[in-house]
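Trainee: Input run-v4.txt, format and content: compact mmCIF, C-alpha atoms and all ligand atoms.
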# COMPACT_ATOMS: atom_id res chain seq x y z
CA MET A 1 1.41 20.83 -15.14
CA ALA A 2 3.10 21.61 -11.81
CA THR A 3 2.37 24.95 -10.13
CA SER A 4 4.84 27.64 -11.17
CA ILE A 5 7.26 28.80 -8.48
CA LYS A 6 6.01 32.34 -9.14
CA LYS A 7 2.51 31.33 -8.05
CA LEU A 8 3.44 29.82 -4.68
CA PRO A 9 1.90 31.49 -1.60
CA ASP A 10 3.89 34.18 0.26
CA ASN A 11 3.80 32.61 3.72
CA GLU A 12 7.17 31.58 5.18
CA GLN A 13 7.23 28.91 7.90
CA VAL A 14 11.05 28.70 7.84
CA LEU A 15 12.40 31.83 9.47
CA SER A 16 15.47 33.71 8.27
CA GLY A 17 18.69 33.94 10.26
CA ASN A 18 18.93 30.23 11.00
CA GLY A 19 22.04 28.05 11.30
CA ALA A 20 21.72 25.77 8.25
CA CYS A 21 24.57 25.62 5.70
CA GLY A 22 24.27 27.80 2.61
CA GLY A 23 22.34 25.92 -0.07
CA CYS A 24 20.91 23.46 2.47
CA PRO A 25 18.41 21.27 0.60
CA SER A 26 16.43 20.40 3.72
CA THR A 27 15.74 24.06 4.38
CA MET A 28 14.86 24.77 0.73
CA ALA A 29 12.45 21.85 0.64
CA LEU A 30 10.86 22.80 3.93
CA ARG A 31 10.13 26.31 2.64
CA MET A 32 8.06 24.75 -0.15
CA VAL A 33 6.41 22.33 2.26
CA GLY A 34 5.51 25.25 4.55
CA LYS A 35 3.85 27.11 1.70
CA ALA A 36 1.68 24.07 1.05
CA LEU A 37 0.87 23.19 4.66
CA GLY A 38 0.34 26.74 5.94
CA PRO A 39 0.67 27.70 9.61
CA ASN A 40 -1.90 25.30 11.09
CA ALA A 41 0.40 22.33 11.60
CA ILE A 42 2.40 20.53 14.30
CA MET A 43 5.95 19.51 13.42
CA LEU A 44 7.88 16.58 14.86
CA LEU A 45 11.64 16.32 14.44
CA THR A 46 14.05 13.49 15.16
CA PRO A 47 17.75 14.25 15.79
CA ALA A 48 19.19 15.51 12.48
CA CYS A 49 20.58 18.59 10.73
CA SER A 50 17.11 20.15 10.78
CA VAL A 51 17.24 20.09 14.59
CA ALA A 52 20.88 21.08 15.09
CA SER A 53 20.69 23.99 12.65
CA MET A 54 17.39 25.53 13.73
CA GLY A 55 15.14 23.12 15.55
CA MET A 56 15.90 23.89 19.21
CA THR A 57 14.27 26.35 21.58
CA PRO A 58 15.08 29.22 22.14
CA ARG A 59 16.52 29.48 18.63
CA LEU A 60 13.72 27.69 16.85
CA GLY A 61 13.68 28.64 13.18
CA TYR A 62 10.31 27.10 12.29
CA ASP A 63 7.05 28.96 12.60
CA TRP A 64 5.07 25.96 13.86
CA PRO A 65 4.77 24.29 17.25
CA CYS A 66 7.71 21.81 17.11
CA ILE A 67 8.44 18.74 19.18
CA ASN A 68 11.91 17.16 19.36
CA ILE A 69 11.42 13.42 19.76
CA CYS A 70 13.64 10.33 20.09
CA PHE A 71 15.29 9.05 16.95
CA ALA A 72 13.25 5.85 16.73
CA THR A 73 9.84 7.31 17.44
CA ALA A 74 8.65 9.55 14.58
CA GLY A 75 5.89 7.10 13.67
CA SER A 76 4.63 6.47 17.20
CA SER A 77 4.99 10.06 18.46
CA ALA A 78 3.08 11.51 15.51
CA SER A 79 0.43 8.80 15.93
CA GLY A 80 -0.04 9.76 19.57
CA ILE A 81 -0.50 13.41 18.71
CA THR A 82 -2.91 12.82 15.86
CA HIS A 83 -5.04 10.51 18.05
CA ALA A 84 -5.04 13.07 20.86
CA LEU A 85 -6.27 15.74 18.42
CA GLU A 86 -9.03 13.41 17.21
CA ILE A 87 -10.21 12.85 20.81
CA MET A 88 -10.05 16.58 21.60
CA LYS A 89 -12.14 17.24 18.53
CA GLU A 90 -14.66 14.59 19.53
CA LYS A 91 -14.96 16.07 23.02
CA GLY A 92 -15.38 19.58 21.65
CA ARG A 93 -12.07 20.78 23.12
CA LEU A 94 -10.60 21.54 19.68
CA LYS A 95 -12.48 24.00 17.53
CA GLY A 96 -11.90 24.83 13.87
CA GLU A 97 -9.64 23.06 11.42
CA THR A 98 -7.53 20.27 12.93
CA PRO A 99 -3.80 20.96 12.55
CA THR A 100 -1.82 18.80 10.12
CA VAL A 101 0.55 16.55 12.07
CA PHE A 102 3.80 15.98 10.19
CA ASN A 103 7.23 14.48 10.71
CA TRP A 104 10.31 16.14 9.27
CA VAL A 105 12.90 13.38 9.42
CA GLY A 106 16.17 12.50 7.68
CA ASP A 107 16.95 9.29 5.87
CA GLY A 108 18.73 7.90 8.95
CA GLY A 109 15.59 8.45 11.01
CA THR A 110 13.37 7.02 8.27
CA TYR A 111 15.17 4.17 6.48
CA ASP A 112 17.02 2.81 9.50
CA ILE A 113 16.41 3.90 13.07
CA GLY A 114 12.76 4.96 12.79
CA PHE A 115 11.62 2.28 10.37
CA GLN A 116 9.76 0.05 12.82
CA ALA A 117 7.58 2.80 14.34
CA LEU A 118 6.96 4.29 10.90
CA SER A 119 5.93 0.93 9.49
CA ALA A 120 3.50 0.44 12.40
CA ALA A 121 1.96 3.91 11.90
CA ALA A 122 1.55 3.16 8.20
CA GLU A 123 -0.06 -0.21 8.86
CA ARG A 124 -2.54 1.54 11.22
CA ASN A 125 -3.10 4.20 8.53
CA ASP A 126 -2.74 6.96 11.16
CA ASN A 127 -3.51 10.45 9.95
CA ILE A 128 -0.02 11.96 9.54
CA ILE A 129 2.36 13.09 6.81
CA HIS A 130 5.84 11.66 7.12
CA PHE A 131 8.42 13.65 5.16
CA CYS A 132 11.81 12.08 4.65
CA TYR A 133 14.37 14.62 3.49
CA ASN A 134 16.87 12.24 2.04
CA ASN A 135 20.45 13.49 1.87
CA GLU A 136 21.62 9.88 1.59
CA ALA A 137 23.66 9.84 4.81
CA TYR A 138 23.72 10.71 8.51
CA SER A 139 24.96 14.22 7.75
CA ASN A 140 24.58 15.88 11.12
CA THR A 141 27.05 13.52 12.81
CA GLY A 142 29.73 13.86 10.15
CA VAL A 143 28.37 11.74 7.25
CA GLN A 144 27.92 8.05 8.02
CA ARG A 145 26.24 5.56 5.67
CA SER A 146 22.50 4.91 5.88
CA GLY A 147 20.16 2.55 4.05
CA ALA A 148 19.63 5.41 1.58
CA THR A 149 23.33 5.77 0.70
CA PRO A 150 23.92 4.56 -2.87
CA ARG A 151 26.52 1.99 -3.82
CA GLY A 152 30.02 3.36 -4.34
CA THR A 153 29.64 6.31 -1.94
CA PHE A 154 32.41 7.35 0.43
CA THR A 155 31.19 8.03 3.97
CA THR A 156 33.14 7.86 7.23
CA THR A 157 31.80 4.32 7.76
CA THR A 158 32.35 3.25 4.13
CA PRO A 159 35.89 4.54 3.51
CA SER A 160 36.37 2.48 0.34
CA GLY A 161 32.88 3.10 -1.02
CA LYS A 162 29.61 1.50 0.09
CA ARG A 163 29.28 -1.98 -1.38
CA GLN A 164 25.49 -2.36 -1.21
CA PRO A 165 22.77 -0.57 -3.22
CA LYS A 166 20.25 1.68 -1.43
CA LYS A 167 16.81 0.37 -0.58
CA ASN A 168 13.63 1.64 -2.22
CA MET A 169 11.94 3.17 0.83
CA PRO A 170 9.07 4.94 -0.99
CA LEU A 171 8.12 1.61 -2.56
CA LEU A 172 8.28 -0.12 0.84
CA MET A 173 5.86 2.51 2.15
CA LEU A 174 3.59 1.96 -0.84
CA GLU A 175 3.46 -1.75 0.01
CA HIS A 176 1.86 -0.79 3.36
CA ASN A 177 -1.24 0.07 1.28
CA ILE A 178 -1.33 3.67 2.46
CA PRO A 179 -3.40 6.20 0.49
CA TYR A 180 -0.57 8.44 -0.72
CA VAL A 181 3.15 8.09 -1.44
CA ALA A 182 5.26 10.54 -3.44
CA THR A 183 8.85 11.35 -4.29
CA ALA A 184 10.15 14.85 -4.96
CA THR A 185 13.35 16.88 -5.02
CA VAL A 186 14.38 20.51 -4.64
CA ALA A 187 14.93 21.22 -8.36
CA TYR A 188 11.17 20.80 -8.92
CA PRO A 189 9.56 23.03 -6.27
CA GLY A 190 6.14 23.25 -7.96
CA ASP A 191 5.96 19.45 -8.15
CA LEU A 192 6.83 19.21 -4.44
CA TYR A 193 4.30 21.92 -3.52
CA ASP A 194 1.47 20.20 -5.44
CA LYS A 195 2.23 16.86 -3.81
CA VAL A 196 2.11 18.36 -0.32
CA VAL A 197 -1.17 20.16 -1.05
CA LYS A 198 -2.61 16.84 -2.20
CA ALA A 199 -1.25 14.93 0.81
CA LYS A 200 -2.76 17.48 3.18
CA SER A 201 -6.23 16.84 1.74
CA ILE A 202 -6.08 13.04 2.11
CA PRO A 203 -7.00 11.40 5.44
CA GLY A 204 -4.72 8.63 6.72
CA MET A 205 -1.00 8.01 6.31
CA LYS A 206 0.96 9.93 3.68
CA TYR A 207 4.66 9.49 2.88
CA ILE A 208 6.67 12.02 0.86
CA GLU A 209 10.38 11.56 0.26
CA ILE A 210 12.48 14.47 -0.99
CA LEU A 211 15.92 13.84 -2.48
CA SER A 212 18.10 16.48 -0.80
CA PRO A 213 21.62 16.80 -2.25
CA CYS A 214 23.84 17.93 0.63
CA TYR A 215 27.07 19.63 -0.40
CA LEU A 216 28.86 18.46 2.74
CA GLY A 217 28.18 14.76 2.36
CA TRP A 218 28.13 14.63 -1.41
CA GLN A 219 31.12 16.96 -1.74
CA PHE A 220 30.16 19.55 -4.32
CA ASP A 221 30.02 23.34 -4.28
CA MET A 222 27.12 24.53 -2.11
CA ALA A 223 25.85 26.76 -4.95
CA GLU A 224 25.15 23.60 -6.99
CA THR A 225 22.41 22.03 -4.83
CA VAL A 226 19.61 22.56 -7.34
CA LYS A 227 21.76 21.53 -10.29
CA MET A 228 22.73 18.30 -8.51
CA SER A 229 19.08 17.59 -7.79
CA ARG A 230 18.19 18.13 -11.48
CA VAL A 231 21.02 15.87 -12.73
CA ALA A 232 19.87 13.14 -10.32
CA VAL A 233 16.46 13.20 -12.02
CA HIS A 234 17.76 13.47 -15.58
CA SER A 235 20.09 10.51 -15.06
CA GLY A 236 17.27 8.42 -13.59
CA ALA A 237 19.13 8.09 -10.28
CA TRP A 238 16.02 9.69 -8.72
CA LEU A 239 12.54 9.10 -10.13
CA LEU A 240 9.67 11.50 -9.56
CA TRP A 241 6.43 9.61 -8.97
CA GLU A 242 3.32 9.56 -6.84
CA ALA A 243 0.84 6.86 -5.92
CA GLU A 244 -2.75 7.52 -4.96
CA ASN A 245 -4.48 4.47 -3.50
CA GLY A 246 -1.76 2.24 -4.93
CA HIS A 247 -1.89 3.58 -8.47
CA ILE A 248 1.55 4.88 -9.53
CA THR A 249 2.03 7.76 -11.96
CA PHE A 250 5.36 9.28 -12.95
CA ASN A 251 5.91 13.03 -13.10
CA LYS A 252 7.93 14.99 -15.63
CA PRO A 253 10.75 14.56 -16.52
CA SER A 254 10.85 11.03 -15.04
CA ALA A 255 7.66 10.16 -16.96
CA GLN A 256 9.55 10.60 -20.24
CA ILE A 257 12.35 8.33 -19.07
CA ILE A 258 9.89 5.66 -17.97
CA ASN A 259 7.84 5.73 -21.18
CA GLY A 260 10.99 5.68 -23.32
CA LYS A 261 10.50 9.12 -24.88
CA LYS A 262 13.74 10.38 -23.40
CA ALA A 263 16.93 8.45 -22.61
CA PRO A 264 18.35 9.09 -19.14
CA LEU A 265 21.77 10.77 -19.03
CA PRO A 266 24.57 8.26 -18.40
CA VAL A 267 25.20 8.14 -14.66
CA ASP A 268 28.86 9.17 -15.23
CA GLU A 269 28.07 12.87 -15.23
CA TYR A 270 26.19 12.59 -11.96
CA VAL A 271 28.86 10.45 -10.30
CA LYS A 272 31.85 12.45 -11.54
CA SER A 273 30.46 15.75 -10.27
CA GLN A 274 30.46 14.53 -6.64
CA GLY A 275 33.52 14.09 -4.43
CA ARG A 276 31.82 11.29 -2.47
CA PHE A 277 32.35 8.98 -5.46
CA SER A 278 35.88 10.16 -6.24
CA ARG A 279 37.59 7.14 -4.63
CA LEU A 280 35.79 5.03 -7.22
CA LEU A 281 37.42 6.93 -10.01
CA LYS A 282 40.99 6.49 -8.75
CA GLY A 283 41.32 2.69 -8.65
CA ALA A 284 42.06 0.32 -11.53
CA ASP A 285 38.50 -1.01 -11.26
CA ALA A 286 36.88 2.44 -11.74
CA GLU A 287 35.00 1.47 -14.91
CA ARG A 288 33.57 -1.67 -13.34
CA ARG A 289 32.37 0.20 -10.25
CA ILE A 290 30.70 2.96 -12.27
CA ALA A 291 29.05 0.22 -14.33
CA GLU A 292 27.71 -1.25 -11.08
CA ILE A 293 26.10 2.09 -10.19
CA GLN A 294 24.67 2.38 -13.71
CA GLY A 295 23.31 -1.15 -13.26
CA ASP A 296 21.56 -0.16 -10.02
CA VAL A 297 19.95 2.86 -11.73
CA ASP A 298 18.87 0.84 -14.79
CA ARG A 299 17.41 -1.91 -12.63
CA GLU A 300 15.40 0.60 -10.56
CA ILE A 301 13.99 2.26 -13.70
CA ALA A 302 13.02 -1.11 -15.18
CA PHE A 303 11.53 -2.30 -11.90
CA MET A 304 9.45 0.83 -11.29
CA ARG A 305 8.21 0.79 -14.90
CA GLU A 306 6.85 -2.73 -14.36
CA ARG A 307 5.60 -2.09 -10.81
CA ALA A 308 3.53 0.85 -12.07
CA LYS A 309 1.61 -1.53 -14.32
CA ILE A 310 0.14 -3.21 -11.21
CA SER A 311 -2.82 -1.24 -9.94
CA ILE A 312 -4.59 -2.26 -6.73
C1 LIG B 401 19.30 7.04 19.38
C2 LIG B 401 20.29 8.01 18.79
N1 LIG B 401 21.33 7.55 18.09
C3 LIG B 401 22.23 8.40 17.54
C4 LIG B 401 22.07 9.75 17.69
C5 LIG B 401 23.10 10.69 17.08
N2 LIG B 401 22.60 11.39 15.90
C6 LIG B 401 22.07 12.62 15.95
S1 LIG B 401 21.66 13.24 14.47
C7 LIG B 401 22.22 11.86 13.69
C8 LIG B 401 22.19 11.75 12.19
C9 LIG B 401 20.80 11.76 11.60
O1 LIG B 401 20.80 11.37 10.26
P1 LIG B 401 19.56 11.66 9.36
O2 LIG B 401 18.33 11.16 10.02
O3 LIG B 401 19.83 11.13 8.00
O4 LIG B 401 19.48 13.25 9.33
P2 LIG B 401 20.64 14.28 8.79
O5 LIG B 401 21.63 14.44 9.88
O6 LIG B 401 21.23 13.68 7.57
O7 LIG B 401 19.92 15.56 8.52
C10 LIG B 401 22.71 10.91 14.61
C11 LIG B 401 23.28 9.58 14.27
C12 LIG B 401 20.96 10.22 18.45
N3 LIG B 401 20.74 11.51 18.64
N4 LIG B 401 20.09 9.34 18.99
S1 LIG B 402 25.16 19.24 6.32
FE1 LIG B 402 23.79 19.16 4.50
S2 LIG B 402 21.71 18.71 5.25
FE2 LIG B 402 23.00 19.36 7.01
S3 LIG B 402 22.63 21.59 7.26
FE3 LIG B 402 24.45 21.34 5.92
S4 LIG B 402 23.67 21.28 3.77
FE4 LIG B 402 21.93 20.96 5.19
MG MG B 403 20.43 12.18 6.28
Let me see the structure of the file written as structure tokens.
Ligand SMILES: Cc1ncc(C[n+]2csc(CCOP(=O)(O)OP(=O)(O)O)c2C)c(N)n1
Ligand code: SF4
Ligand SMILES: [Mg+2]
Mentor:
Amino acid sequence: MATSIKKLPDNEQVLSGNGACGGCPSTMALRMVGKALGPNAIMLLTPACSVASMGMTPRLGYDWPCINICFATAGSSASGITHALEIMKEKGRLKGETPTVFNWVGDGGTYDIGFQALSAAAERNDNIIHFCYNNEAYSNTGVQRSGATPRGTFTTTTPSGKRQPKKNMPLLMLEHNIPYVATATVAYPGDLYDKVVKAKSIPGMKYIEILSPCYLGWQFDMAETVKMSRVAVHSGAWLLWEAENGHITFNKPSAQIINGKKAPLPVDEYVKSQGRFSRLLKGADAERRIAEIQGDVDREIAFMRERAKISI
């Protein structure tokens, strides 16, 4: 069972008084991540909301040493730092526990612009944790589509709804044969915390992706962030799973959907509660386009169910 939220450590690595929106999922998730990582860590940030809202000196809102890096370089920059720490340790210039090197990067910086460097770091199995907080768009620059944006979504670059499905980035990372991959979301903080604790203890490359419903891009009331995250999981639009050394296990409640003990909610409720899909619901072809989204969700559930049967 996941750690109860009441039992999480008291340390806060995300400082109060920062500039994030109310209900910001990135900030909520990072609080949990900070509790799991503790203070001995080095944070790398690519341009994103997490930089604009609180990631710049002298108004840094994170209680770690932070480095702002180029959009494309999360993988290579973190690799450089982790190798430098290894050499310092070897030469006796770094005493005590080696800091955890981690990236805190959006879906734009992970799925699209930073993919090449991240893929290379994964193939080298460099000792870093890459977190992707996935709000399914380039939010900081006014909500443009990314490879994580689901089909049917309005963004400023998909004014009539995105026509393509999102890609399965966690699975792509798994296929790099790295020791740990996990998905999480803000409605399940204990699950996220446990996954980060585990990732911290594993040498090599770790990838954790956190679905982060963003009220601005998804167009819902900012008080509903956690509810939106929960509905995403209950409808099967987001699956909670982890893979250790290639072996996939599903976490509750996704495990019940995968093993057939619980039917996922129809995707309608999820889609209809978000303004970003509202253009879908106005046209004559609304039913067909919702059915397309349902088809994408059903396919992903079926695919992941079968993929989990392959153990390397
Ligand atoms: C090379 C480069 N291209 C574009 C930008 C402009 N830019 C800054 S933040 C951002 C959006 C980032 O999206 P994502 O990584 O998903 O993070 P989010 O804003 O959603 O938190 C963009 C396009 C930039 N800073 N550098
Ligand atoms: S736009 Fe979204 S991700 Fe960005 S700070 Fe606001 S709530 Fe957070
Ligand atoms: Mg984003």
Trainee: Please, what distance in Å, to one decimal, runs between atom C6 of ligand LIG 401 (chain B) and atom CA of Met56 of chain A?
Mentor: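 These atoms are spaced 13.3 Å apart.
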Trainee: State, in Å with one decimal place, the distance from atom CA of Leu265 of chain A to atom CA of Leu192 of chain A.
Mentor: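 About the pair atom CA of Leu265 of chain A and atom CA of Leu192 of chain A: they are 22.5 Å apart.
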Trainee: Expressed in Å to a single decimal, how great is the separation between atom S2 of ligand LIG 402 (chain B) and atom CA of Ser50 of chain A?
Mentor: 7.3 Å
Trainee: I need the residue nearest Tyr188 of chain A from this list: A:Ile87, A:Val226, A:Ile293, A:Ile128. Use only C-alpha atoms for the distance.
Mentor: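 Of the candidates, the smallest distance to Tyr188 of chain A is held by A:Val226.
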Trainee: Between A:Leu30, A:Ile208, A:Val233, A:Leu8, single out the one closest to Thr110 of chain A, counting all atoms listed in the file.
Mentor: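 So, comparing all the options, the nearest one is A:Ile208.
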Trainee: Per residue of chain A within 12 Å of ligand LIG 402 (chain B), note the shortest atom pair and the distance in Å to one decimal, counting all atoms listed in the file, and order the rows by chain and increasing residue number, as a tab-separated table.
Mentor:
residue	atom	partner	partner_atom	distance
A:Asn18	CA	B:LIG402	S3	10.1
A:Gly19	CA	B:LIG402	S3	7.6
A:Ala20	CA	B:LIG402	S3	4.4
A:Cys21	CA	B:LIG402	FE3	4.3
A:Gly22	CA	B:LIG402	S4	6.6
A:Gly23	CA	B:LIG402	S4	6.2
A:Cys24	CA	B:LIG402	S4	3.7
A:Pro25	CA	B:LIG402	FE4	5.8
A:Ser26	CA	B:LIG402	FE4	5.7
A:Thr27	CA	B:LIG402	FE4	7.0
A:Met28	CA	B:LIG402	FE4	9.2
A:Ala29	CA	B:LIG402	FE4	10.6
A:Leu30	CA	B:LIG402	FE4	11.3
A:Pro47	CA	B:LIG402	FE2	11.4
A:Ala48	CA	B:LIG402	FE2	7.7
A:Cys49	CA	B:LIG402	FE2	4.5
A:Ser50	CA	B:LIG402	S3	6.7
A:Val51	CA	B:LIG402	S3	9.2
A:Ala52	CA	B:LIG402	S3	8.0
A:Ser53	CA	B:LIG402	S3	6.2
A:Met54	CA	B:LIG402	S3	9.2
A:Gly55	CA	B:LIG402	S3	11.3
A:Val105	CA	B:LIG402	S2	11.1
A:Gly106	CA	B:LIG402	S2	8.7
A:Asp107	CA	B:LIG402	S2	10.6
A:Gly108	CA	B:LIG402	S2	11.8
A:Cys132	CA	B:LIG402	S2	11.9
A:Tyr133	CA	B:LIG402	S2	8.6
A:Asn134	CA	B:LIG402	S2	8.7
A:Asn135	CA	B:LIG402	S2	6.3
A:Glu136	CA	B:LIG402	S2	9.6
A:Ala137	CA	B:LIG402	S2	9.1
A:Tyr138	CA	B:LIG402	FE2	8.8
A:Ser139	CA	B:LIG402	S1	5.2
A:Asn140	CA	B:LIG402	FE2	5.6
A:Thr141	CA	B:LIG402	S1	8.9
A:Gly142	CA	B:LIG402	S1	8.0
A:Val143	CA	B:LIG402	S1	8.2
A:Gln144	CA	B:LIG402	S1	11.7
A:Ile210	CA	B:LIG402	S2	11.9
A:Leu211	CA	B:LIG402	S2	10.8
A:Ser212	CA	B:LIG402	S2	7.4
A:Pro213	CA	B:LIG402	FE1	7.5
A:Cys214	CA	B:LIG402	FE1	4.1
A:Tyr215	CA	B:LIG402	S4	5.6
A:Leu216	CA	B:LIG402	S1	5.2
A:Gly217	CA	B:LIG402	FE1	6.6
A:Trp218	CA	B:LIG402	FE1	8.6
A:Gln219	CA	B:LIG402	FE1	9.9
A:Phe220	CA	B:LIG402	S4	10.5
A:Asp221	CA	B:LIG402	S4	10.5
A:Met222	CA	B:LIG402	S4	7.6
A:Ala223	CA	B:LIG402	S4	10.5
A:Glu224	CA	B:LIG402	S4	11.1
A:Thr225	CA	B:LIG402	S4	8.7
A:Val226	CA	B:LIG402	S4	11.9
Trainee: Name the closest residue to Phe102 of chain A among the candidates A:Pro159, A:Gly114, A:Pro165, A:Gly34; distances are taken between atoms, counting all atoms listed in the file.
Mentor: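 Looking only at the distances to Phe102 of chain A, the closest residue turns out to be A:Gly34.
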Trainee: Find the residues with any atom within 10 Å of (5.0, 9.1, -7.4); use all atoms listed in the file and the coordinates as given in the file, and write the answer as a list in words.
Mentor: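 Nearby residues: Pro170, Leu171, Leu174, Tyr180, Val181, Ala182, Thr183, Ala184, Lys195, Ile208, Glu209, Leu239, Leu240, Trp241, Glu242, Ala243, Glu244, Gly246, His247, Ile248, Thr249, Phe250, Asn251, Ser254, Ala255 and Ala308 of chain A.
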Trainee: Write the residues of the selection above to a file with C-alpha atoms, as a compact mmCIF listing (two decimals), in the coordinates of the input.
Mentor:
# COMPACT_ATOMS: atom_id res chain seq x y z
CA PRO A 170 9.07 4.94 -0.99
CA LEU A 171 8.12 1.61 -2.56
CA LEU A 174 3.59 1.96 -0.84
CA TYR A 180 -0.57 8.44 -0.72
CA VAL A 181 3.15 8.09 -1.44
CA ALA A 182 5.26 10.54 -3.44
CA THR A 183 8.85 11.35 -4.29
CA ALA A 184 10.15 14.85 -4.96
CA LYS A 195 2.23 16.86 -3.81
CA ILE A 208 6.67 12.02 0.86
CA GLU A 209 10.38 11.56 0.26
CA LEU A 239 12.54 9.10 -10.13
CA LEU A 240 9.67 11.50 -9.56
CA TRP A 241 6.43 9.61 -8.97
CA GLU A 242 3.32 9.56 -6.84
CA ALA A 243 0.84 6.86 -5.92
CA GLU A 244 -2.75 7.52 -4.96
CA GLY A 246 -1.76 2.24 -4.93
CA HIS A 247 -1.89 3.58 -8.47
CA ILE A 248 1.55 4.88 -9.53
CA THR A 249 2.03 7.76 -11.96
CA PHE A 250 5.36 9.28 -12.95
CA ASN A 251 5.91 13.03 -13.10
CA SER A 254 10.85 11.03 -15.04
CA ALA A 255 7.66 10.16 -16.96
CA ALA A 308 3.53 0.85 -12.07
Trainee: Of the candidates A:Asp112, A:Glu123, A:Glu292, A:Asp191, which one gets nearest to ligand MG 403 (chain B) if we count all atoms listed in the file?
Mentor: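 Looking at the shortest contact to ligand MG 403 (chain B), the residue is A:Asp112.
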Trainee: Between A:Gly204, A:Gly109, A:Gly38, A:Gly75, which residue has the minimum interatomic distance to ligand MG 403 (chain B), considering all atoms listed in the file?
Mentor: A:Gly109
Trainee: Go ahead and find all residues with at least one atom no further than 12 Å from (12.3, 6.3, -19.2) in the file's coordinates, using only C-alpha atoms; report them as a PyMOL selection string.
Mentor: chain A and resi 233-240+250-265+297-306
Trainee: With segment 116-120 of chain A as the partner and 7 Å as the cut-off, tabulate the residues of segment 19-97 of chain A that qualify, each row holding the nearest pair of atoms and their distance in Å to one decimal, using all atoms listed in the file, sorted by chain and rising number, as a Markdown table.
Mentor:
| residue | atom | partner | partner_atom | distance |
| --- | --- | --- | --- | --- |
| A:Ala72 | CA | A:Ala117 | CA | 6.9 |
| A:Thr73 | CA | A:Ala117 | CA | 5.9 |
| A:Ala74 | CA | A:Leu118 | CA | 6.6 |
| A:Gly75 | CA | A:Leu118 | CA | 4.1 |
| A:Ser76 | CA | A:Ala117 | CA | 5.5 |
Trainee: Considering all atoms listed in the file, can you say which of A:Tyr270, A:Gly190, A:Gln294, A:Ser201 comes closest to Ala2 of chain A?
Mentor: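 Selected residue with least distance to Ala2 of chain A: A:Gly190.
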